[in-house]
>>> print(open('upload02.pdb').read())   # PDB, C-alpha atoms
ATOM      1  CA  MET A   1      68.280  26.466  81.050
ATOM      2  CA  SER A   2      66.743  23.718  78.948
ATOM      3  CA  THR A   3      68.512  22.300  75.920
ATOM      4  CA  ARG A   4      65.692  23.444  73.635
ATOM      5  CA  LEU A   5      66.065  27.035  74.842
ATOM      6  CA  LYS A   6      69.829  26.890  74.350
ATOM      7  CA  GLN A   7      69.316  25.672  70.792
ATOM      8  CA  VAL A   8      66.878  28.502  70.070
ATOM      9  CA  LEU A   9      69.325  31.078  71.441
ATOM     10  CA  ILE A  10      72.232  29.702  69.407
ATOM     11  CA  VAL A  11      70.253  29.703  66.161
ATOM     12  CA  SER A  12      68.888  33.178  66.933
ATOM     13  CA  VAL A  13      72.375  34.578  67.495
ATOM     14  CA  GLY A  14      73.564  32.961  64.273
ATOM     15  CA  ALA A  15      70.584  34.354  62.349
ATOM     16  CA  VAL A  16      71.153  37.886  63.706
ATOM     17  CA  ALA A  17      74.843  37.697  62.821
ATOM     18  CA  ALA A  18      73.958  36.469  59.325
ATOM     19  CA  VAL A  19      71.481  39.319  58.803
ATOM     20  CA  VAL A  20      74.072  41.875  59.927
ATOM     21  CA  MET A  21      76.635  40.408  57.513
ATOM     22  CA  ILE A  22      74.133  40.392  54.650
ATOM     23  CA  VAL A  23      73.394  44.073  55.293
ATOM     24  CA  LEU A  24      77.117  44.817  55.367
ATOM     25  CA  GLY A  25      77.499  42.985  52.068
ATOM     26  CA  LEU A  26      74.698  45.020  50.498
ATOM     27  CA  TRP A  27      76.307  48.209  51.785
ATOM     28  CA  GLN A  28      79.652  47.164  50.341
ATOM     29  CA  MET A  29      78.010  46.373  46.993
ATOM     30  CA  GLN A  30      76.379  49.811  46.964
ATOM     31  CA  VAL A  31      79.808  51.329  47.561
ATOM     32  CA  PHE A  32      80.962  49.282  44.576
ATOM     33  CA  VAL A  33      78.156  50.656  42.374
ATOM     34  CA  ASP A  34      78.540  54.244  43.578
ATOM     35  CA  LYS A  35      82.265  54.202  42.975
ATOM     36  CA  GLY A  36      81.712  52.914  39.449
ATOM     37  CA  ASN A  37      79.083  55.573  38.740
ATOM     38  CA  ARG A  38      81.336  58.315  40.072
ATOM     39  CA  SER A  39      84.098  57.042  37.822
ATOM     40  CA  VAL A  40      81.781  57.256  34.795
ATOM     41  CA  GLU A  41      80.587  60.737  35.730
ATOM     42  CA  ASP A  42      84.128  61.940  36.337
ATOM     43  CA  ARG A  43      85.130  60.573  32.959
ATOM     44  CA  ALA A  44      82.286  62.436  31.242
ATOM     45  CA  ALA A  45      83.306  65.655  33.024
ATOM     46  CA  GLN A  46      86.890  65.616  31.733
ATOM     47  CA  PRO A  47      87.955  68.364  29.302
ATOM     48  CA  ALA A  48      87.038  67.682  25.665
ATOM     49  CA  VAL A  49      89.653  66.129  23.384
ATOM     50  CA  PRO A  50      89.745  65.924  19.561
ATOM     51  CA  LEU A  51      87.724  62.901  18.475
ATOM     52  CA  MET A  52      89.784  62.106  15.406
ATOM     53  CA  ASP A  53      92.951  61.802  17.482
ATOM     54  CA  HIS A  54      91.426  58.663  18.999
ATOM     55  CA  VAL A  55      89.692  57.026  16.015
ATOM     56  CA  ALA A  56      91.963  55.307  13.497
ATOM     57  CA  THR A  57      91.277  55.116   9.778
ATOM     58  CA  ASP A  58      90.513  51.401  10.124
ATOM     59  CA  GLY A  59      87.763  52.157  12.660
ATOM     60  CA  ALA A  60      89.737  51.234  15.771
ATOM     61  CA  VAL A  61      88.658  53.400  18.714
ATOM     62  CA  GLY A  62      90.971  54.354  21.562
ATOM     63  CA  ASP A  63      90.023  55.095  25.145
ATOM     64  CA  ILE A  64      87.473  57.751  24.215
ATOM     65  CA  TYR A  65      83.982  56.348  24.825
ATOM     66  CA  GLY A  66      82.209  58.211  27.599
ATOM     67  CA  LYS A  67      84.364  61.334  27.202
ATOM     68  CA  GLN A  68      83.708  64.812  25.871
ATOM     69  CA  VAL A  69      85.105  65.285  22.358
ATOM     70  CA  THR A  70      85.400  67.985  19.745
ATOM     71  CA  PHE A  71      84.870  67.376  16.041
ATOM     72  CA  THR A  72      84.925  69.419  12.842
ATOM     73  CA  GLY A  73      82.789  68.789   9.775
ATOM     74  CA  ASP A  74      79.746  69.694   7.710
ATOM     75  CA  TYR A  75      76.183  68.769   8.616
ATOM     76  CA  LEU A  76      74.203  66.789   6.032
ATOM     77  CA  PRO A  77      70.613  68.013   6.617
ATOM     78  CA  ASP A  78      69.105  65.381   4.306
ATOM     79  CA  GLN A  79      70.475  62.667   6.588
ATOM     80  CA  THR A  80      68.421  63.475   9.653
ATOM     81  CA  ILE A  81      66.621  60.832  11.732
ATOM     82  CA  LEU A  82      64.219  61.446  14.597
ATOM     83  CA  ILE A  83      64.322  59.327  17.721
ATOM     84  CA  PRO A  84      61.135  59.546  19.832
ATOM     85  CA  THR A  85      61.476  59.869  23.607
ATOM     86  CA  GLY A  86      59.029  60.561  26.404
ATOM     87  CA  GLU A  87      59.956  64.258  26.300
ATOM     88  CA  GLY A  88      59.964  64.789  22.532
ATOM     89  CA  VAL A  89      62.306  63.647  19.778
ATOM     90  CA  ARG A  90      66.067  63.457  19.626
ATOM     91  CA  VAL A  91      67.274  64.980  16.370
ATOM     92  CA  LEU A  92      70.089  62.886  14.894
ATOM     93  CA  THR A  93      71.959  64.350  11.912
ATOM     94  CA  ALA A  94      74.985  63.103  10.007
ATOM     95  CA  VAL A  95      78.182  65.169  10.040
ATOM     96  CA  ARG A  96      80.696  64.593   7.230
ATOM     97  CA  LEU A  97      84.226  64.752   8.597
ATOM     98  CA  SER A  98      87.366  65.773   6.713
ATOM     99  CA  ASP A  99      88.241  62.186   5.731
ATOM    100  CA  GLY A 100      84.766  61.543   4.256
ATOM    101  CA  ARG A 101      83.468  59.412   7.090
ATOM    102  CA  VAL A 102      80.204  60.316   8.793
ATOM    103  CA  LEU A 103      79.673  60.950  12.495
ATOM    104  CA  PRO A 104      76.109  60.593  13.847
ATOM    105  CA  VAL A 105      75.362  63.614  16.044
ATOM    106  CA  VAL A 106      72.379  64.027  18.348
ATOM    107  CA  ARG A 107      71.926  67.768  17.955
ATOM    108  CA  GLY A 108      69.325  68.179  20.676
ATOM    109  CA  LEU A 109      65.814  67.494  21.909
ATOM    110  CA  SER A 110      62.798  68.930  20.093
ATOM    111  CA  GLY A 111      59.256  69.108  21.421
ATOM    112  CA  ALA A 112      57.724  67.751  18.209
ATOM    113  CA  GLN A 113      58.838  66.138  14.977
ATOM    114  CA  GLU A 114      58.063  69.267  12.926
ATOM    115  CA  GLN A 115      59.658  71.770  15.318
ATOM    116  CA  PHE A 116      63.417  71.549  15.063
ATOM    117  CA  ALA A 117      65.867  73.931  13.413
ATOM    118  CA  THR A 118      67.966  73.034  10.422
ATOM    119  CA  PRO A 119      71.626  72.438  11.240
ATOM    120  CA  PRO A 120      74.154  75.229  10.714
ATOM    121  CA  ALA A 121      75.596  75.507   7.215
ATOM    122  CA  GLY A 122      79.268  75.241   6.386
ATOM    123  CA  THR A 123      82.085  73.733   8.410
ATOM    124  CA  VAL A 124      81.519  73.756  12.156
ATOM    125  CA  THR A 125      83.470  72.679  15.207
ATOM    126  CA  GLU A 126      81.332  71.391  18.054
ATOM    127  CA  THR A 127      81.580  69.532  21.343
ATOM    128  CA  GLY A 128      79.647  66.641  22.835
ATOM    129  CA  LEU A 129      79.768  63.315  24.630
ATOM    130  CA  PHE A 130      81.008  60.380  22.552
ATOM    131  CA  LEU A 131      79.318  57.039  23.189
ATOM    132  CA  PRO A 132      79.005  53.672  21.419
ATOM    133  CA  GLY A 133      75.739  52.831  19.719
ATOM    134  CA  GLU A 134      72.613  52.066  21.712
ATOM    135  CA  GLY A 135      70.760  48.753  21.657
ATOM    136  CA  ASP A 136      67.388  48.525  19.958
ATOM    137  CA  PRO A 137      65.829  45.070  19.583
ATOM    138  CA  ASP A 138      62.707  46.504  17.915
ATOM    139  CA  GLY A 139      64.653  48.060  15.043
ATOM    140  CA  VAL A 140      63.237  50.661  12.703
ATOM    141  CA  VAL A 141      59.878  52.316  13.332
ATOM    142  CA  PRO A 142      57.679  54.056  10.718
ATOM    143  CA  ASP A 143      58.141  57.543   9.300
ATOM    144  CA  GLY A 144      61.911  57.444   9.092
ATOM    145  CA  THR A 145      62.513  57.256  12.817
ATOM    146  CA  LEU A 146      64.555  54.981  15.059
ATOM    147  CA  ARG A 147      63.970  53.884  18.634
ATOM    148  CA  SER A 148      67.607  54.539  19.517
ATOM    149  CA  VAL A 149      70.983  55.344  17.990
ATOM    150  CA  ARG A 150      71.704  51.873  16.706
ATOM    151  CA  MET A 151      74.820  51.845  14.553
ATOM    152  CA  PRO A 152      74.016  48.791  12.345
ATOM    153  CA  LEU A 153      70.681  50.335  11.336
ATOM    154  CA  LEU A 154      72.313  53.674  10.598
ATOM    155  CA  ALA A 155      74.864  51.893   8.408
ATOM    156  CA  GLN A 156      71.958  50.481   6.368
ATOM    157  CA  GLN A 157      70.356  53.891   5.891
ATOM    158  CA  TRP A 158      73.399  56.115   5.361
ATOM    159  CA  PRO A 159      75.720  55.268   2.453
ATOM    160  CA  GLN A 160      78.935  56.673   3.909
ATOM    161  CA  GLN A 161      81.329  54.859   6.219
ATOM    162  CA  LEU A 162      80.367  55.586   9.809
ATOM    163  CA  ILE A 163      82.495  56.460  12.791
ATOM    164  CA  PRO A 164      81.926  53.653  15.360
ATOM    165  CA  GLY A 165      79.988  55.767  17.813
ATOM    166  CA  PHE A 166      77.876  58.896  18.090
ATOM    167  CA  VAL A 167      78.024  62.273  19.809
ATOM    168  CA  THR A 168      75.355  64.031  21.877
ATOM    169  CA  LEU A 169      75.963  67.778  21.844
ATOM    170  CA  THR A 170      76.424  69.754  25.047
ATOM    171  CA  ALA A 171      73.618  71.940  26.386
ATOM    172  CA  GLU A 172      75.356  75.025  25.000
ATOM    173  CA  GLU A 173      75.753  73.564  21.521
ATOM    174  CA  SER A 174      72.142  72.318  21.447
ATOM    175  CA  GLY A 175      70.904  75.696  22.652
ATOM    176  CA  ALA A 176      72.761  77.398  19.820
ATOM    177  CA  GLN A 177      70.679  75.289  17.419
ATOM    178  CA  GLY A 178      67.427  76.190  19.146
ATOM    179  CA  MET A 179      66.963  72.942  21.067
ATOM    180  CA  ARG A 180      67.392  71.536  24.535
ATOM    181  CA  GLN A 181      70.172  69.107  25.289
ATOM    182  CA  ALA A 182      69.082  65.542  24.587
ATOM    183  CA  PRO A 183      69.133  63.066  27.476
ATOM    184  CA  VAL A 184      72.256  60.956  27.748
ATOM    185  CA  SER A 185      72.487  57.446  29.180
ATOM    186  CA  LEU A 186      75.956  57.024  30.582
ATOM    187  CA  PRO A 187      77.386  53.498  30.529
ATOM    188  CA  SER A 188      77.303  51.547  33.760
ATOM    189  CA  GLY A 189      80.431  51.864  35.839
ATOM    190  CA  GLU A 190      82.493  48.832  36.799
ATOM    191  CA  GLY A 191      83.388  50.223  40.208
ATOM    192  CA  SER A 192      86.098  48.575  42.265
ATOM    193  CA  ALA A 193      86.667  44.834  42.075
ATOM    194  CA  ARG A 194      87.955  45.002  45.653
ATOM    195  CA  ASN A 195      84.622  46.357  46.913
ATOM    196  CA  SER A 196      82.765  43.634  45.037
ATOM    197  CA  GLY A 197      85.013  41.017  46.606
ATOM    198  CA  TYR A 198      84.366  42.423  50.075
ATOM    199  CA  ALA A 199      80.615  42.195  49.497
ATOM    200  CA  LEU A 200      80.884  38.545  48.464
ATOM    201  CA  GLN A 201      83.027  37.823  51.527
ATOM    202  CA  TRP A 202      80.373  39.246  53.855
ATOM    203  CA  TRP A 203      77.740  36.996  52.267
ATOM    204  CA  VAL A 204      79.993  33.956  52.606
ATOM    205  CA  PHE A 205      80.538  34.829  56.273
ATOM    206  CA  ALA A 206      76.755  35.160  56.730
ATOM    207  CA  ALA A 207      76.159  31.684  55.323
ATOM    208  CA  PHE A 208      78.993  30.296  57.490
ATOM    209  CA  ALA A 209      77.634  31.950  60.669
ATOM    210  CA  LEU A 210      74.132  30.619  60.141
ATOM    211  CA  GLY A 211      75.391  27.172  59.196
ATOM    212  CA  MET A 212      77.642  26.965  62.250
ATOM    213  CA  ALA A 213      74.807  28.083  64.537
ATOM    214  CA  ILE A 214      72.547  25.355  63.185
ATOM    215  CA  LYS A 215      75.338  22.800  63.495
ATOM    216  CA  LEU A 216      76.084  23.818  67.094
ATOM    217  CA  ALA A 217      72.402  23.658  68.008
ATOM    218  CA  HIS A 218      72.136  20.219  66.450
ATOM    219  CA  SER A 219      75.299  19.031  68.224
ATOM    220  CA  LEU A 220      73.940  20.307  71.509
ATOM    221  CA  GLY A 221      70.772  18.287  71.019
ATOM    222  CA  VAL A 222      72.727  15.157  70.102
ATOM    223  CA  ARG A 223      74.992  15.596  73.144
ATOM    224  CA  GLN A 224      72.000  15.976  75.426
ATOM    225  CA  ARG A 225      70.332  12.834  74.074
ATOM    226  CA  THR A 226      73.587  10.929  74.438
ATOM    227  CA  LEU A 227      73.941  12.026  78.044
ATOM    228  CA  GLU A 228      70.381  11.025  78.804
ATOM    229  CA  GLU A 229      70.885   7.605  77.241
ATOM    230  CA  GLY A 230      74.243   7.251  79.001
ATOM    231  CA  VAL A 231      72.649   7.861  82.417
ATOM    232  CA  THR A 232      69.728   5.555  81.784
ATOM    233  CA  LEU A 233      71.711   2.551  80.600
ATOM    234  CA  PRO A 234      74.123   2.294  83.562
ATOM    235  CA  HIS A 235      71.197   2.713  85.941
ATOM    236  CA  ASP A 236      69.369  -0.269  84.406
ATOM    237  CA  ASP A 237      72.522  -2.388  84.485
ATOM    238  CA  GLU A 238      73.102  -1.469  88.081
ATOM    239  CA  VAL A 239      69.580  -2.486  89.003
ATOM    240  CA  ALA A 240      70.029  -5.813  87.239
ATOM    241  CA  VAL A 241      73.374  -6.478  88.962
ATOM    242  CA  ASN A 242      71.951  -5.598  92.375
ATOM    243  CA  ALA A 243      69.011  -7.925  91.784
ATOM    244  CA  THR A 244      71.331 -10.778  90.842
ATOM    245  CA  THR A 245      73.526 -10.190  93.840
ATOM    246  CA  THR A 246      70.554 -10.155  96.171
ATOM    247  CA  LYS A 247      69.293 -13.402  94.686
ATOM    248  CA  GLU A 248      72.658 -15.075  95.105
ATOM    249  CA  GLN A 249      72.862 -13.913  98.735
ATOM    250  CA  ASN A 250      69.443 -15.359  99.427
ATOM    251  CA  LEU A 251      70.527 -18.672  98.026
TER     252      LEU A 251
END
>>> encode(input="upload02.pdb", output="structure tokens")
Amino acid sequence: MSTRLKQVLIVSVGAVAAVVMIVLGLWQMQVFVDKGNRSVEDRAAQPAVPLMDHVATDGAVGDIYGKQVTFTGDYLPDQTILIPTGEGVRVLTAVRLSDGRVLPVVRGLSGAQEQFATPPAGTVTETGLFLPGEGDPDGVVPDGTLRSVRMPLLAQQWPQQLIPGFVTLTAEESGAQGMRQAPVSLPSGEGSARNSGYALQWWVFAAFALGMAIKLAHSLGVRQRTLEEGVTLPHDDEVAVNATTTKEQNL
């Protein structure tokens, strides 16, 4: 087998091994993402807990984001903001809690801006998913609407002190108000740091395998050239010595 063919085989084996390790790393990373998403979904599926047991008077929030909560208060119909989506509008209404603070509540999804029911009167106790505010680089849009539930913008429009987060009602609670449940964007899960580390290790191994294959192929070529030069040089010297010896004998 020629040296060139050996080099090609070595590099090919290294490349195949690197591809396999890259695929394994991608698989491990997907495990990392899936585990994080399952963790988020499991958190959202936990039984509801009282919101105010986890929000201090100074605004400090405990381990409650992404969980189902219950709250008690009075809706403020005049403080309603519509948030357009591709399926209609999310109806966001302020709820005044017992301590005077206001909780933004996405009551549900309406098909049009004019077709949503007024909130129930009096003190109510309801359940929904509690999340931090959403990002919205474009800010306020015309006609009293927002592009998302962005807490700093709500603080500018509503005079009361706000709870640092908002609630999206469950499908049952939204249905009771004549609307569909509004879509919810769960936060991204962190997954397992161990799985992430395994993925990075596979990619490091892939780079090492390919690098070693290239190095071995290069070393093989260098060794072959050295051998060829090593055979050629002694042969020339031997010819020269034999010629000199023959000349001396003739003399």
>>> resolve_selection(input="upload02.pdb", expression="the PyMOL selection byres ((chain A and resi 119) around 8)", output="VMD selection string")
chain A and resid 75 77 117 to 118 120 to 121 177
>>> write_last_selection(input="upload02.pdb", atoms="C-alpha atoms", output="PDB file, in the frame of the given file")
ATOM      1  CA  TYR A  75      76.183  68.769   8.616  1.00  0.00           C
ATOM      2  CA  PRO A  77      70.613  68.013   6.617  1.00  0.00           C
ATOM      3  CA  ALA A 117      65.867  73.931  13.413  1.00  0.00           C
ATOM      4  CA  THR A 118      67.966  73.034  10.422  1.00  0.00           C
ATOM      5  CA  PRO A 120      74.154  75.229  10.714  1.00  0.00           C
ATOM      6  CA  ALA A 121      75.596  75.507   7.215  1.00  0.00           C
ATOM      7  CA  GLN A 177      70.679  75.289  17.419  1.00  0.00           C
TER       8      GLN A 177
END
>>> residues_around(input="upload02.pdb", residues="Gly175 in chain A", least_positions_apart="4", cutoff="10 Å", atoms="all atoms listed in the file", output="VMD selection string")
chain A and resid 107 to 109 169 to 171 179 to 181
>>> residues_near_point(input="upload02.pdb", point="(67.7, 25.1, 66.0)", cutoff="6 Å", atoms="only C-alpha atoms", output="PyMOL selection string")
chain A and resi 7-8+11+214+217
>>> resolve_selection(input="upload02.pdb", expression="the PyMOL selection byres ((chain A and resi 48) around 10)", output="compact mmCIF listing (two decimals) with C-alpha atoms, in the frame of the given file")
# COMPACT_ATOMS: atom_id res chain seq x y z
CA ALA A 44 82.29 62.44 31.24
CA ALA A 45 83.31 65.66 33.02
CA GLN A 46 86.89 65.62 31.73
CA PRO A 47 87.96 68.36 29.30
CA VAL A 49 89.65 66.13 23.38
CA PRO A 50 89.74 65.92 19.56
CA LEU A 51 87.72 62.90 18.48
CA LYS A 67 84.36 61.33 27.20
CA GLN A 68 83.71 64.81 25.87
CA VAL A 69 85.10 65.28 22.36
CA THR A 70 85.40 67.98 19.74
CA PHE A 71 84.87 67.38 16.04
CA THR A 127 81.58 69.53 21.34
CA GLY A 128 79.65 66.64 22.84
CA LEU A 129 79.77 63.32 24.63
CA PHE A 130 81.01 60.38 22.55
>>> axis_aligned_box(input="upload02.pdb", around="range 56-61 of chain A", padding_each_side="6 Å", output="AutoDock Vina command-line options")
--center_x 89.9 --center_y 53.3 --center_z 14.2 --size_x 16.2 --size_y 16.1 --size_z 20.9
>>> residues_around(input="upload02.pdb", residues="Gln161 in chain A", least_positions_apart="2", cutoff="12 Å", atoms="all atoms listed in the file", output="JSON, numbers by chain")
{"A": [57, 58, 59, 94, 95, 96, 97, 99, 100, 101, 102, 103, 104, 151, 152, 154, 155, 156, 157, 158, 159, 163, 164, 165]}
>>> write_last_selection(input="upload02.pdb", atoms="C-alpha atoms", output="PDB file, keeping the file's coordinate frame")
ATOM      1  CA  THR A  57      91.277  55.116   9.778  1.00  0.00           C
ATOM      2  CA  ASP A  58      90.513  51.401  10.124  1.00  0.00           C
ATOM      3  CA  GLY A  59      87.763  52.157  12.660  1.00  0.00           C
ATOM      4  CA  ALA A  94      74.985  63.103  10.007  1.00  0.00           C
ATOM      5  CA  VAL A  95      78.182  65.169  10.040  1.00  0.00           C
ATOM      6  CA  ARG A  96      80.696  64.593   7.230  1.00  0.00           C
ATOM      7  CA  LEU A  97      84.226  64.752   8.597  1.00  0.00           C
ATOM      8  CA  ASP A  99      88.241  62.186   5.731  1.00  0.00           C
ATOM      9  CA  GLY A 100      84.766  61.543   4.256  1.00  0.00           C
ATOM     10  CA  ARG A 101      83.468  59.412   7.090  1.00  0.00           C
ATOM     11  CA  VAL A 102      80.204  60.316   8.793  1.00  0.00           C
ATOM     12  CA  LEU A 103      79.673  60.950  12.495  1.00  0.00           C
ATOM     13  CA  PRO A 104      76.109  60.593  13.847  1.00  0.00           C
ATOM     14  CA  MET A 151      74.820  51.845  14.553  1.00  0.00           C
ATOM     15  CA  PRO A 152      74.016  48.791  12.345  1.00  0.00           C
ATOM     16  CA  LEU A 154      72.313  53.674  10.598  1.00  0.00           C
ATOM     17  CA  ALA A 155      74.864  51.893   8.408  1.00  0.00           C
ATOM     18  CA  GLN A 156      71.958  50.481   6.368  1.00  0.00           C
ATOM     19  CA  GLN A 157      70.356  53.891   5.891  1.00  0.00           C
ATOM     20  CA  TRP A 158      73.399  56.115   5.361  1.00  0.00           C
ATOM     21  CA  PRO A 159      75.720  55.268   2.453  1.00  0.00           C
ATOM     22  CA  ILE A 163      82.495  56.460  12.791  1.00  0.00           C
ATOM     23  CA  PRO A 164      81.926  53.653  15.360  1.00  0.00           C
ATOM     24  CA  GLY A 165      79.988  55.767  17.813  1.00  0.00           C
TER      25      GLY A 165
END
>>> residues_near_point(input="upload02.pdb", point="(69.5, 62.3, 23.4)", cutoff="9 Å", atoms="only C-alpha atoms", output="number ranges by chain")
A: 83, 85, 89-92, 106-109, 148-149, 168-169, 181-185
>>> closest_residue(input="upload02.pdb", among="A:Gly25, A:Pro132, A:Gly88, A:Gly14", to="Ile64 in chain A", atoms="all atoms listed in the file")
A:Pro132
>>> resolve_selection(input="upload02.pdb", expression="the PyMOL selection byres ((chain A and resi 18) around 10)", output="list in words")
Ser12, Val13, Gly14, Ala15, Val16, Ala17, Val19, Val20, Met21, Ile22, Val23, Leu24, Trp202, Trp203, Val204, Phe205, Ala206, Ala207, Phe208, Ala209, Leu210, Gly211 and Ala213 of chain A
>>> atom_distance(input="upload02.pdb", atom1="CA of Thr93 in chain A", atom2="CA of Glu134 in chain A")
15.7 Å
>>> atom_distance(input="upload02.pdb", atom1="CA of Ile10 in chain A", atom2="CA of Leu216 in chain A")
7.4 Å
>>> atom_distance(input="upload02.pdb", atom1="CA of Leu200 in chain A", atom2="CA of Leu26 in chain A")
9.2 Å
>>> build_atoms(input="upload02.pdb", residues="range 56-64 of chain A", atoms="all heavy atoms", output="short mmCIF file (atom, residue, chain, number, x, y, z; two decimals), keeping the file's coordinate frame")
data_model
loop_
_atom_site.label_atom_id
_atom_site.label_comp_id
_atom_site.auth_asym_id
_atom_site.auth_seq_id
_atom_site.Cartn_x
_atom_site.Cartn_y
_atom_site.Cartn_z
N ALA A 56 91.07 55.60 14.61
CA ALA A 56 91.96 55.31 13.50
C ALA A 56 91.20 55.18 12.19
O ALA A 56 89.97 55.04 12.17
CB ALA A 56 92.73 54.02 13.80
N THR A 57 91.92 55.22 11.09
CA THR A 57 91.28 55.12 9.78
C THR A 57 90.63 53.75 9.56
O THR A 57 89.69 53.63 8.77
CB THR A 57 92.32 55.36 8.67
OG1 THR A 57 93.42 54.44 8.84
CG2 THR A 57 92.86 56.78 8.75
N ASP A 58 91.11 52.73 10.27
CA ASP A 58 90.51 51.40 10.12
C ASP A 58 89.32 51.20 11.06
O ASP A 58 88.75 50.10 11.13
CB ASP A 58 91.56 50.32 10.37
CG ASP A 58 92.14 50.36 11.79
OD1 ASP A 58 91.77 51.27 12.57
OD2 ASP A 58 92.97 49.49 12.12
N GLY A 59 88.92 52.25 11.77
CA GLY A 59 87.76 52.16 12.66
C GLY A 59 88.09 51.81 14.09
O GLY A 59 87.19 51.79 14.94
N ALA A 60 89.36 51.54 14.40
CA ALA A 60 89.74 51.23 15.77
C ALA A 60 89.56 52.48 16.64
O ALA A 60 89.95 53.58 16.26
CB ALA A 60 91.18 50.75 15.84
N VAL A 61 88.95 52.29 17.81
CA VAL A 61 88.66 53.40 18.71
C VAL A 61 89.51 53.26 19.97
O VAL A 61 89.55 52.19 20.59
CB VAL A 61 87.16 53.43 19.09
CG1 VAL A 61 86.87 54.59 20.04
CG2 VAL A 61 86.31 53.55 17.84
N GLY A 62 90.17 54.35 20.35
CA GLY A 62 90.97 54.35 21.56
C GLY A 62 90.10 54.54 22.80
O GLY A 62 88.88 54.36 22.75
N ASP A 63 90.73 54.91 23.87
CA ASP A 63 90.02 55.10 25.14
C ASP A 63 89.29 56.44 25.14
O ASP A 63 89.73 57.41 25.76
CB ASP A 63 91.03 55.03 26.30
CG ASP A 63 90.34 55.14 27.66
OD1 ASP A 63 89.15 54.79 27.74
OD2 ASP A 63 91.01 55.57 28.62
N ILE A 64 88.17 56.49 24.43
CA ILE A 64 87.47 57.75 24.22
C ILE A 64 85.98 57.67 24.51
O ILE A 64 85.33 58.70 24.72
CB ILE A 64 87.71 58.24 22.76
CG1 ILE A 64 87.33 59.71 22.59
CG2 ILE A 64 86.97 57.35 21.78
CD1 ILE A 64 88.17 60.64 23.40
#
